[in-house]
Every structure is written in structure tokens, then in C-alpha cells.
Amino acid sequence: MKQALLSALLVTAACNTTTTPTAIGEFTSPTGMAATGAADRDVLFIANTGRDGLRALQICNALLPTDGGVNPADTCPAKENLQFIPAPIRVFAATIETGNRPLRVAGVRMERSNHSGAGVALVAGADSTVAVVDARALVDAQRVPGVTTVTLPPLDVGAQTIDVVAANPMTGLDVETAMPAGTPATAFVATQTDLVVLDVSLNASELAQTPSIRARCTLSPVVPTKLAVVPGGDQVFVADGAGDGVVVIATSSIAPGPTPLPCNMTRISAGGRSVRFISLSPHWYETVAGAPVEHPPGELLMMVLEPLNQTTPGMDLDSGGVLFAETGIFGGPRGVVPVPPFGLQETGQEPMQPLSLPGAGLTVEGTFLRAVPPSTSPVQPDLVTCPQAPCTPLYVGQPSTAPTQLFNLLAAVTATDGTTSFIDVPRRRFVNRNAYAVADDSLLVPTVDRAPAFSPVTVGSPVLTITSALEPGVAHASSWLAIWHSPIPGLDRRGGTVRQATAGSLTFTVNETSFKSWQDDPAIQFGVGDVVSFGAYGFAGDPSDPRCQAVVNGETPYRFELPITAIGPDPLTGSTVPNMLTLAVLPDTPQAPGFHPDCPVFNAAAEIRTGGAQPWLVFDGLNVKGRVQPDGTFVAHQRRFDYPRQAYSQAAPPLQANDVAFTFAITGNAPTIPKSGFTWAIGSGESMVSYRDTLTTAGFATTVYSYSSPRYRTLLFSSITGSNELLQADPFVLGSSATGVLAYR
């Protein structure tokens with residue numbers, strides 16, 4: 001048995017999205033988290049991955065009197081609320097050692113015969129065991145003499161654990177609750193090979209005990225990355241990290257027995273994409289044509305996609321993103337929901353594209369927020385009257401006269417830059433301040449933040465004009481370049497051998513290089529007409545040959561450009577791939593000497609540049625987008641990242657083919673200086689509602705956990721793994737400097 005090693009109370013401090021440094025909590029790479037009940041409070045367990053243990057945050061959960069007084073039946077002291085369980089030396093917060101590099105935590109809620117909470121935390125980590133922590137014992141150890149053991153013997157499930165979830169039921173107010181006393185709770189473990197069903201119960205003395213395995217099935221060929229379960233445990237969802245989307249498994253189909261059978265799986269496609277994280281929707285509410293509509297929990301599935309390793313040339317790097325799908329477990333359609341304005345369950349329409357966070361790094365994980373049910377009288381934890389949906393509040397900050405907006409269903413997602421952002425799920429868009437500042441979409445339109453400017457400034461330089469409107473949700477916030485005779489990425493420094501060819505031409509061979517990749521790239525379109533400029537020269541034959549000395553010792557780097565007249569394999573090297581460029585020599589002119597060397601063979605380092613009919617190369621940041629057409633026009637395609645408009649027309653929905661961010665044209669005289677060109681910058685028109693700790697560098701946020709209780713409508717907890725801290729946010733007062741965002745470190 002492992003004993004609890006006790007640790008430091010963390011004192012919280014907060015401001016808006018900027019947080020104040022707090023007392024030590026000794027977080028080291030916090031990751032997964034989950035809450036469970038323990039007597040008169042809940043305990044939020046945070047996997048302190050770098051320390052092989054858990055932190056345990058106490059949260060008082062009893063109803064508070066609406067008059068602001070004290071509930072005499074509440075035995076959870078206010079001074080212990082939102083404080084870490086302390087060690088015997090009370091300036092330190094408790095560390096509950098699990099020893100298996102904890103990554104995922106599930107909180108299983110149970111109750112004793114007197115209806116008091118007695119939950120456990122199940123912990124999955126880097127070995128084949130599930131660690132078990134008794135939350136009730138952990139709380140009682142502070143006040144009940146003789147209680148010292150808080151961890152139980154781990155359960156070995158036979159293969160490395162990937163995730164663990166609990167199938168806790170819900171109250172009528174959509175808050176997690178415990179199974180009735182004497183009834184085992186259900187939890188699920190995903191290993192590298194199996195899905196394991198656990199029975200979690202109290203022993204005869206009503207103390208926690210190690211769970212038992214009820215049943216298991218094999219997941220192959222699915223490579224599990226995350227689990228999600230419908231309250232009550234009748235359906236479990238498994239994210240496939242190596243296949244397409246998610247598979248759904250009915251608990252009743254998993255047969256007990258010593259030899260597991262293959263899981264009976266139904267697949268929900270993510271359009272061929274692998275999935276790294278999933279979450280299921282709660283019970284949520286909306287008003288349709290004036291009538292209330294209730295949606296059962298588990299109807300919608302959030303899928304956080306794995307980024308693609310390769311992208312379409314000329315398109316933006318794929319950063320994964322978020323898809324929403326109908327699960328179909330209640331008789332409706334199954335699959336990714338359509339683009340707006342079509343309804344979530346409308347079939348026959350193009351599926352939505354992933355929502356992503358341009359400029360904010362990769363989306364990591366996500367969760368749904370509890371949806372506030374409509375009510376005509378104030379009921380805790382909401383304490384508001386809301387006759388009809390939407391009723392779920394979020395502080396948006398716009399308009400200034402009414403900065404809190406109401407939503408039917410919200411989700412929150414974390415990103416690798418440490419932010420946690422909000423999504424309006426039915427509208428399939430990020431919550432954007434600019435969508436609420438004015439009545440129309442005018443503030444959502446992307447902007448030209450820096451007008452196109454040509455450099456170096458010359459008399460009679462060309463002009464670049466943006467010739468179309470910028471499309472919201474497609475035009476990213478980014479810097480752009482259009483370079484005349486631009487070095488081709490990957491070919492800007494290439495060493496090779498130059499030889500005399502036919503009269504008036506040279507060959508330039510680059511060994512162990514094939515130009516085919518650049519030729520086939522539709523953005524770069526390397527080919528005949530592009531140019532080569534030599535930057536350095538070396539002897540390849542007789543160094544005493546005066547003809548070669550004139551080249552090696554007499555030439556100036558990058559003095560000229562030679563046009564490419566052919567691309568093919570070099571017969572002298574026996575190559576079967578195009579590794580040789582045929583170059584036209586440069587004749588002398590009255591203004592400058594040309595380049596037509598007599599040296600039979602020499603070495604050179606070359607810079608290969610764009611030329612010919614399309615001498616302009618266009619960049620979005622560092623990503624090549626394409627070449628300007630001979631008439632000077634360019635169409636900028638970008639990957640859609642959001643559906644931000646207030647309304648879309650069914651006659652012209654935002655389809656995948658409509659991915660034009662903007663167009664531009666270059667007119668006027670051609671430049672005379674290679675590598676000269678235009679720079680400009682585009683703003684996306686997005687102002688995402690999010691929170692982060694701005695006092696630290698970007699900290700790689702991972703798990704975001706939505707907590708609700710009879711006392712708290714919703715609190716969000718985000719593990720900022722890269723900054724060794726935990727952020728707590730109240731969506732209703734997100735802009736408050738007092739309680740909007742708190743930091744635990």
C-alpha cells in the first residue's frame with residue numbers, strides 16, 4: 001500500500017486574463033484531471049505527471065442560502081474551499097503518490113448508506129496498472145484520527161493504460177452524482193489493446209476498495225487515444241489514433257470471460273482523419289420556432305483531430321482542429337454535422353471543416369460546458385430566471401452595455417500556446433467578440449493591417465492591389481510576401497558541377513538531388529524559364545587552366561542570372577532522375593560583360609530562382625502559396641478555420657470549394673533587382689474569447705475540465721502543462737479581475 005505523502009497549500013490569486021504569481025504548489029507538468037465526491041465536498045484530482053503523483057483540490061459543493069448567509073448543514077469550511085488538501089506540515093500541499101507517471105484521471109462517485117460521498121480517483125499512466133486513490137480517506141485524514149491510508153492496491157489490466165473514464169449518472173440539474181448506495185459504479189479503461197469494463201464499489205465496511213474487472217474486449221485495429229462515455233455507461237466512445245474517427249461500443253455487447261472477444265464497434269467517420277481527443281455533449285436545450293427542444297446527453301461528439309503530417313502544396317499547414325458529429329445513438333443521423341446554416345441533424349449537405357485556432361498553435365483537448373436549463377424561478381447553482389433557451393452565460397465583453405451573452409451549448413478547447421478558447425457549438429464557430437460588438441458582420445471582415453509596400457523603393461516600381469473582399473473564417477491573420485525572381489525554397493543553396501554543353505549552353509548537375517519534387521509541386525511549379533545565379537566557384541578540373549582561373553578567381557557572386565532551357569537526368573552520372581539543368585549562356589552587351597565561359601568543367605554553388613512568365617513567388621508567412629499568373633493576378637486560397645458570420649445563406653453556404661481568402665493583382669513595370677518585392681499583412685477579423693496566463697511565456701495547455709456542482713454553475717480548469725500551473729476560470733465572470741481567472745502554481 002502506498003501512503004499519501006502530504007504537501008503545500010496553494011493560495012490562489014487572480015485577475016482578468018492576467019494572473020498574479022501565487023504561493024508554491026509544486027506542479028510539475030500537470031495534465032489530466034477529474035473530480036469526485038468525498039463526504040461534504042468534492043475533490044478535484046490533478047495528475048502531477050512530472051512528480052508521479054496527484055494534487056487534490058477541495059471544492060465545497062453544498063447549496064448556499066440565496067440571502068448570502070451560512071448553511072448550518074454545510075460542514076465544509078469556507079477556508080478550505082478551493083484549497084489544496086494539506087500535509088501535516090500545513091504550508092505544503094499534499095502529494096498523493098501513484099508512481100506510474102499519471103496522465104489521465106477518472107473520478108468515480110459512490111455513496112455510503114447514509115448518503116455521504118465516498119468517491120475514488122482512478123489513474124492511468126505509463127504502465128499496465130490503474131492506481132486507486134480513496135478521496136473520502138484523503139479528506140478524513142485531516143480530521144478523523146487513525147485515517148492514514150489513502151491509496152489502494154492498483155489494478156493490473158494487462159497492458160499499458162491509455163485512458164480511464166467514469167460513467168457517473170447525472171442529477172435533474174445536470175450535475176454529476178453517485179450511484180445509489182450498494183450499487184456498483186461503472187468505469188472504463190482503454191489499454192493499448194483492450195477496452196476494459198470495471199465495477200467500482202465499497203466493501204462491507206463502506207470503505208473504498210480496488211475495482212474488479214467485469215468484462216473486456218479487444219480493440220484491434222483501433223489504436224485508442226481517448227475515451228468518452230454517456231452518463232450511466234450504456235455507450236462508450238473510443239478515439240482512434242491510427243484510423244478514421246471514433247468507434248462506439250455498447251457496454252451490453254462486451255462479454256465477460258477469461259478470453260476477450262473483439263469489440264462490437266460502430267464507426268463514426270472523421271473524414272479519414274485520426275482523432276487525438278473526444279468529448280460528449282451534456283443534456284442541452286434550445287428553442288426552435290418558439291418551442292423548447294431538449295437534447296439528450298451524448299447526442300453530439302467533439303473530435304479533436306491529429307494534425308496531418310503532409311499538406312496540400314500551397315495550402316496552410318494542417319493544425320488538426322475540432323469537428324462535431326452526431327452520434328446517432330438516439331436514432332438520429334450519424335456523422336460529422338453539416339456546414340452552417342444547415343441544421344446539426346440535416347443530411348445530404350457537405351460536412352463542416354475543422355475549426356482551428358490560426359496563430360494560436362495546435363488544438364490539444366476540449367470539453368463541453370454544462371448547459372444551463374431554462375427555468376422560471378431561481379434554482380441553484382444557476383440562480384437566474386431564464387424562461388427559454390439559450391440560458392448558458394459567457395462573458396464576451398461585447399457590447400459594452402451587455403457584455404455577457406447567452407448560448408445554447410458551449411465547448412472549450414486548449415491549445416499549445418496556453419490559451420483556452422470557447423466554441424458556440426450549434427453555430428459551429430468560435431465565440432468571437434467582434435460578432436457581438438455591432439449588429440451586423442462588419443467587424444468580422446478581415447482587414448489589411450499593413451498595406452502592400454515594395455522594397456527596395458525605386459522610381460516606377462510595380463503596384464500590388466488587393467482586388468477582392470477578404471472572406472471571414474478563411475483569411476488568416478498572417479504576413480504575406482510577393483518576391484520577384486525569388487529563391488526557390490530548398491534550392492536556394494545547391495552545389496553542383498558546370499560543364500560545357502552544345503554551343504551557347506551549359507549544364508549544371510546537382511548530384512544526389514532530384515528536381516522532380518519541385519517540378520511537381522503545384523505551388524512552386526519549378527520548370528523551364530526559371531533562372532540560376534552562381535554565388536561561388538571552384539576548380540573541378542585542371543586548376544592551372546587559365547580559362548578556369550578566369551571563372552573561379554574573376555567572377556563576382558550573383559552577378560547574373562542564366563535561364564533554364566531544359567531539366568533532365570545527367571547521362572554522365574547515370575542518373576535516372578532529373579538532376580541536371582541546361583542553362584543558356586549570357587552574351588556580352590555594351591552595358592555589361594556576359595557569361596560564356598571557356599572552362600570545360602568547374603564547380604559552382606547556385607541559387608535557383610523563379611523566372612520566365614511567372615517570375616513572382618508568393619508566400620504566406622514561410623509557406624509558399626504559388627506563383628503569380630502571367631497577367632499579374634493571384635488567387636489566395638487558405639484553409640477555412642471558422643464559420644464566424646452571424647448567418648449564412650442556404651443558397652451560398654460556406655463550402656470547402658469556396659476557400660478564396662482574397663485576390664490581388666500586380667501591375668506596372670517589372671523590377672530590375674532580383675529578390676525585390678512586396679510585403680503586406682492581413683488581419684483575420686477574429687477576436688476569440690479565451691483565457692490564459694499572460695504573465696508567463698506560452699505554456700502548452702493540455703486538459704480542460706468542466707466542473708459543476710449544486711454550488712457552482714460551471715468552473716473550467718485548464719492544465720497549463722508547459723508552465724507548471726493550473727488555471728481556474730468562471731465563464732460567467734471571465735472579465736472580472738477578482739474571480740474570473742485564478743492561477744494555482
# chains A, B, ... in the order shown; residues from 1 in each chain; ligands from 1
$ residues_around --residues "range 707-709 of chain A" --least-positions-apart "6" --cutoff "7 Å" --atoms "only C-alpha atoms" --output "list in words"
Asn61, Val175, Leu715 and Leu716 of chain A
$ residues_around --residues "Asn408 in chain A" --least-positions-apart "5" --cutoff "6 Å" --atoms "only C-alpha atoms" --output "short mmCIF file (atom, residue, chain, number, x, y, z; two decimals) with C-alpha atoms, in the first residue's frame"
data_model
loop_
_atom_site.label_atom_id
_atom_site.label_comp_id
_atom_site.auth_asym_id
_atom_site.auth_seq_id
_atom_site.Cartn_x
_atom_site.Cartn_y
_atom_site.Cartn_z
CA TYR A 285 -31.52 22.97 -24.61
CA GLU A 286 -32.64 25.21 -27.42
CA PRO A 390 -30.41 29.95 -24.65
#
$ closest_residue --among "A:Thr225, A:Asn264, A:Ser442, A:Asn100" --to "Leu305 in chain A" --atoms "only C-alpha atoms"
A:Thr225
$ atom_distance --atom1 "CA of Arg51 in chain A" --atom2 "CA of Val704 in chain A"
19.9 Å
$ closest_residue --among "A:Leu464, A:Ala187, A:Leu443, A:Thr694" --to "Asn669 in chain A" --atoms "only C-alpha atoms"
A:Leu464
$ residues_around --residues "Gln160 in chain A" --least-positions-apart "4" --cutoff "9 Å" --atoms "only C-alpha atoms" --output "PyMOL selection string"
chain A and resi 124-129+190-193
$ write_last_selection --atoms "C-alpha atoms" --output "compact mmCIF listing (two decimals), in the first residue's frame"
# COMPACT_ATOMS: atom_id res chain seq x y z
CA ALA A 124 -3.98 5.73 -15.84
CA GLY A 125 -0.30 6.24 -16.54
CA ALA A 126 2.75 4.73 -18.14
CA ASP A 127 2.34 1.11 -17.05
CA SER A 128 -0.31 -1.62 -17.05
CA THR A 129 -1.89 -0.68 -13.73
CA ALA A 190 -8.53 1.76 -22.54
CA THR A 191 -5.27 -0.13 -22.82
CA GLN A 192 -3.09 -0.40 -25.89
CA THR A 193 -5.07 -3.50 -26.87
$ select_by_dssp --residues "range 457-547 of chain A" --states "alpha helix (DSSP H)" --output "JSON, numbers by chain"
{"A": [516, 517, 518, 519, 520, 546, 547]}
$ write_last_selection --atoms "C-alpha atoms" --output "short mmCIF file (atom, residue, chain, number, x, y, z; two decimals), in the first residue's frame"
data_model
loop_
_atom_site.label_atom_id
_atom_site.label_comp_id
_atom_site.auth_asym_id
_atom_site.auth_seq_id
_atom_site.Cartn_x
_atom_site.Cartn_y
_atom_site.Cartn_z
CA LYS A 516 11.11 16.32 -59.67
CA SER A 517 9.61 17.26 -56.28
CA TRP A 518 9.90 20.95 -57.14
CA GLN A 519 8.62 20.37 -60.66
CA ASP A 520 5.56 18.50 -59.38
CA PRO A 546 43.74 29.97 -67.31
CA ARG A 547 40.21 29.59 -68.68
#
$ residues_around --residues "Thr36 in chain A" --least-positions-apart "6" --cutoff "8 Å" --atoms "only C-alpha atoms" --output "ChimeraX atom specification"
/A:42-44,107-109,119-121,135
$ closest_residue --among "A:Val448, A:Ala178, A:Val689, A:Ile608" --to "Ile423 in chain A" --atoms "only C-alpha atoms"
A:Val689
$ atom_distance --atom1 "CA of Gly735 in chain A" --atom2 "CA of Val396 in chain A"
8.0 Å
$ select_by_dssp --residues "range 388-429 of chain A" --states "strand (DSSP E)" --output "list in words"
Thr392, Pro393, Leu394, Tyr395, Thr404, Gln405, Leu406, Phe407, Leu410, Ala411, Ala412, Val413, Thr414, Ala415, Thr420, Ser421, Phe422, Ile423, Asp424 and Arg429 of chain A
$ closest_residue --among "A:Pro221, A:Gly495, A:Pro297, A:Pro169" --to "Phe368 in chain A" --atoms "only C-alpha atoms"
A:Pro297
$ decode --residues "range 107-172 of chain A" --atoms "C-alpha atoms" --output "PDB file, in the first residue's frame"
ATOM      1  CA  GLY A 107     -13.477  10.447 -10.646  1.00  0.00           C
ATOM      2  CA  VAL A 108     -15.901   7.672  -9.674  1.00  0.00           C
ATOM      3  CA  ARG A 109     -18.746   8.874  -7.463  1.00  0.00           C
ATOM      4  CA  MET A 110     -20.221   6.495  -4.881  1.00  0.00           C
ATOM      5  CA  GLU A 111     -22.177   6.926  -1.677  1.00  0.00           C
ATOM      6  CA  ARG A 112     -22.462   5.247   1.672  1.00  0.00           C
ATOM      7  CA  SER A 113     -25.707   4.068   3.199  1.00  0.00           C
ATOM      8  CA  ASN A 114     -26.036   7.431   4.983  1.00  0.00           C
ATOM      9  CA  HIS A 115     -25.883   9.097   1.525  1.00  0.00           C
ATOM     10  CA  SER A 116     -22.496  10.739   2.170  1.00  0.00           C
ATOM     11  CA  GLY A 117     -19.983  10.785  -0.664  1.00  0.00           C
ATOM     12  CA  ALA A 118     -17.208   8.191  -0.874  1.00  0.00           C
ATOM     13  CA  GLY A 119     -15.604   8.548  -4.287  1.00  0.00           C
ATOM     14  CA  VAL A 120     -12.320   7.296  -5.676  1.00  0.00           C
ATOM     15  CA  ALA A 121      -9.899   8.537  -8.313  1.00  0.00           C
ATOM     16  CA  LEU A 122      -8.733   6.016 -10.913  1.00  0.00           C
ATOM     17  CA  VAL A 123      -5.424   6.912 -12.525  1.00  0.00           C
ATOM     18  CA  ALA A 124      -3.978   5.733 -15.836  1.00  0.00           C
ATOM     19  CA  GLY A 125      -0.301   6.237 -16.541  1.00  0.00           C
ATOM     20  CA  ALA A 126       2.754   4.732 -18.141  1.00  0.00           C
ATOM     21  CA  ASP A 127       2.340   1.111 -17.052  1.00  0.00           C
ATOM     22  CA  SER A 128      -0.309  -1.625 -17.051  1.00  0.00           C
ATOM     23  CA  THR A 129      -1.890  -0.676 -13.729  1.00  0.00           C
ATOM     24  CA  VAL A 130      -4.744   1.585 -12.723  1.00  0.00           C
ATOM     25  CA  ALA A 131      -3.889   3.388  -9.496  1.00  0.00           C
ATOM     26  CA  VAL A 132      -6.722   3.846  -6.978  1.00  0.00           C
ATOM     27  CA  VAL A 133      -6.980   6.804  -4.580  1.00  0.00           C
ATOM     28  CA  ASP A 134      -9.660   6.981  -1.869  1.00  0.00           C
ATOM     29  CA  ALA A 135     -10.970  10.558  -1.907  1.00  0.00           C
ATOM     30  CA  ARG A 136     -13.011  10.097   1.259  1.00  0.00           C
ATOM     31  CA  ALA A 137      -9.983   8.821   3.187  1.00  0.00           C
ATOM     32  CA  LEU A 138      -7.925  11.713   1.880  1.00  0.00           C
ATOM     33  CA  VAL A 139     -10.414  14.224   3.298  1.00  0.00           C
ATOM     34  CA  ASP A 140     -10.953  12.284   6.529  1.00  0.00           C
ATOM     35  CA  ALA A 141      -7.192  12.116   7.123  1.00  0.00           C
ATOM     36  CA  GLN A 142      -7.342  15.815   8.028  1.00  0.00           C
ATOM     37  CA  ARG A 143      -9.930  15.377  10.784  1.00  0.00           C
ATOM     38  CA  VAL A 144     -10.572  11.709  11.637  1.00  0.00           C
ATOM     39  CA  PRO A 145      -7.965  10.098  13.920  1.00  0.00           C
ATOM     40  CA  GLY A 146      -6.369   6.928  12.599  1.00  0.00           C
ATOM     41  CA  VAL A 147      -7.092   7.502   8.887  1.00  0.00           C
ATOM     42  CA  THR A 148      -3.758   7.433   7.081  1.00  0.00           C
ATOM     43  CA  THR A 149      -4.052   5.152   4.062  1.00  0.00           C
ATOM     44  CA  VAL A 150      -5.454   6.918   1.022  1.00  0.00           C
ATOM     45  CA  THR A 151      -4.194   4.708  -1.798  1.00  0.00           C
ATOM     46  CA  LEU A 152      -5.343   1.172  -2.521  1.00  0.00           C
ATOM     47  CA  PRO A 153      -3.647  -1.722  -4.300  1.00  0.00           C
ATOM     48  CA  PRO A 154      -3.550  -0.893  -8.032  1.00  0.00           C
ATOM     49  CA  LEU A 155      -5.443  -2.938 -10.584  1.00  0.00           C
ATOM     50  CA  ASP A 156      -3.354  -4.617 -13.271  1.00  0.00           C
ATOM     51  CA  VAL A 157      -5.242  -4.594 -16.581  1.00  0.00           C
ATOM     52  CA  GLY A 158      -2.603  -6.449 -18.591  1.00  0.00           C
ATOM     53  CA  ALA A 159      -1.303  -3.778 -20.978  1.00  0.00           C
ATOM     54  CA  GLN A 160      -0.218  -0.167 -20.852  1.00  0.00           C
ATOM     55  CA  THR A 161      -3.116   2.065 -19.916  1.00  0.00           C
ATOM     56  CA  ILE A 162      -4.140   4.881 -22.243  1.00  0.00           C
ATOM     57  CA  ASP A 163      -7.210   6.425 -20.595  1.00  0.00           C
ATOM     58  CA  VAL A 164      -9.785   5.885 -17.864  1.00  0.00           C
ATOM     59  CA  VAL A 165     -13.301   7.360 -17.545  1.00  0.00           C
ATOM     60  CA  ALA A 166     -16.196   7.024 -15.116  1.00  0.00           C
ATOM     61  CA  ALA A 167     -19.848   6.628 -16.133  1.00  0.00           C
ATOM     62  CA  ASN A 168     -21.352   8.750 -13.349  1.00  0.00           C
ATOM     63  CA  PRO A 169     -25.093   9.448 -13.587  1.00  0.00           C
ATOM     64  CA  MET A 170     -26.483  12.999 -13.591  1.00  0.00           C
ATOM     65  CA  THR A 171     -28.986  14.835 -11.420  1.00  0.00           C
ATOM     66  CA  GLY A 172     -32.014  16.635 -12.789  1.00  0.00           C
TER      67      GLY A 172
END
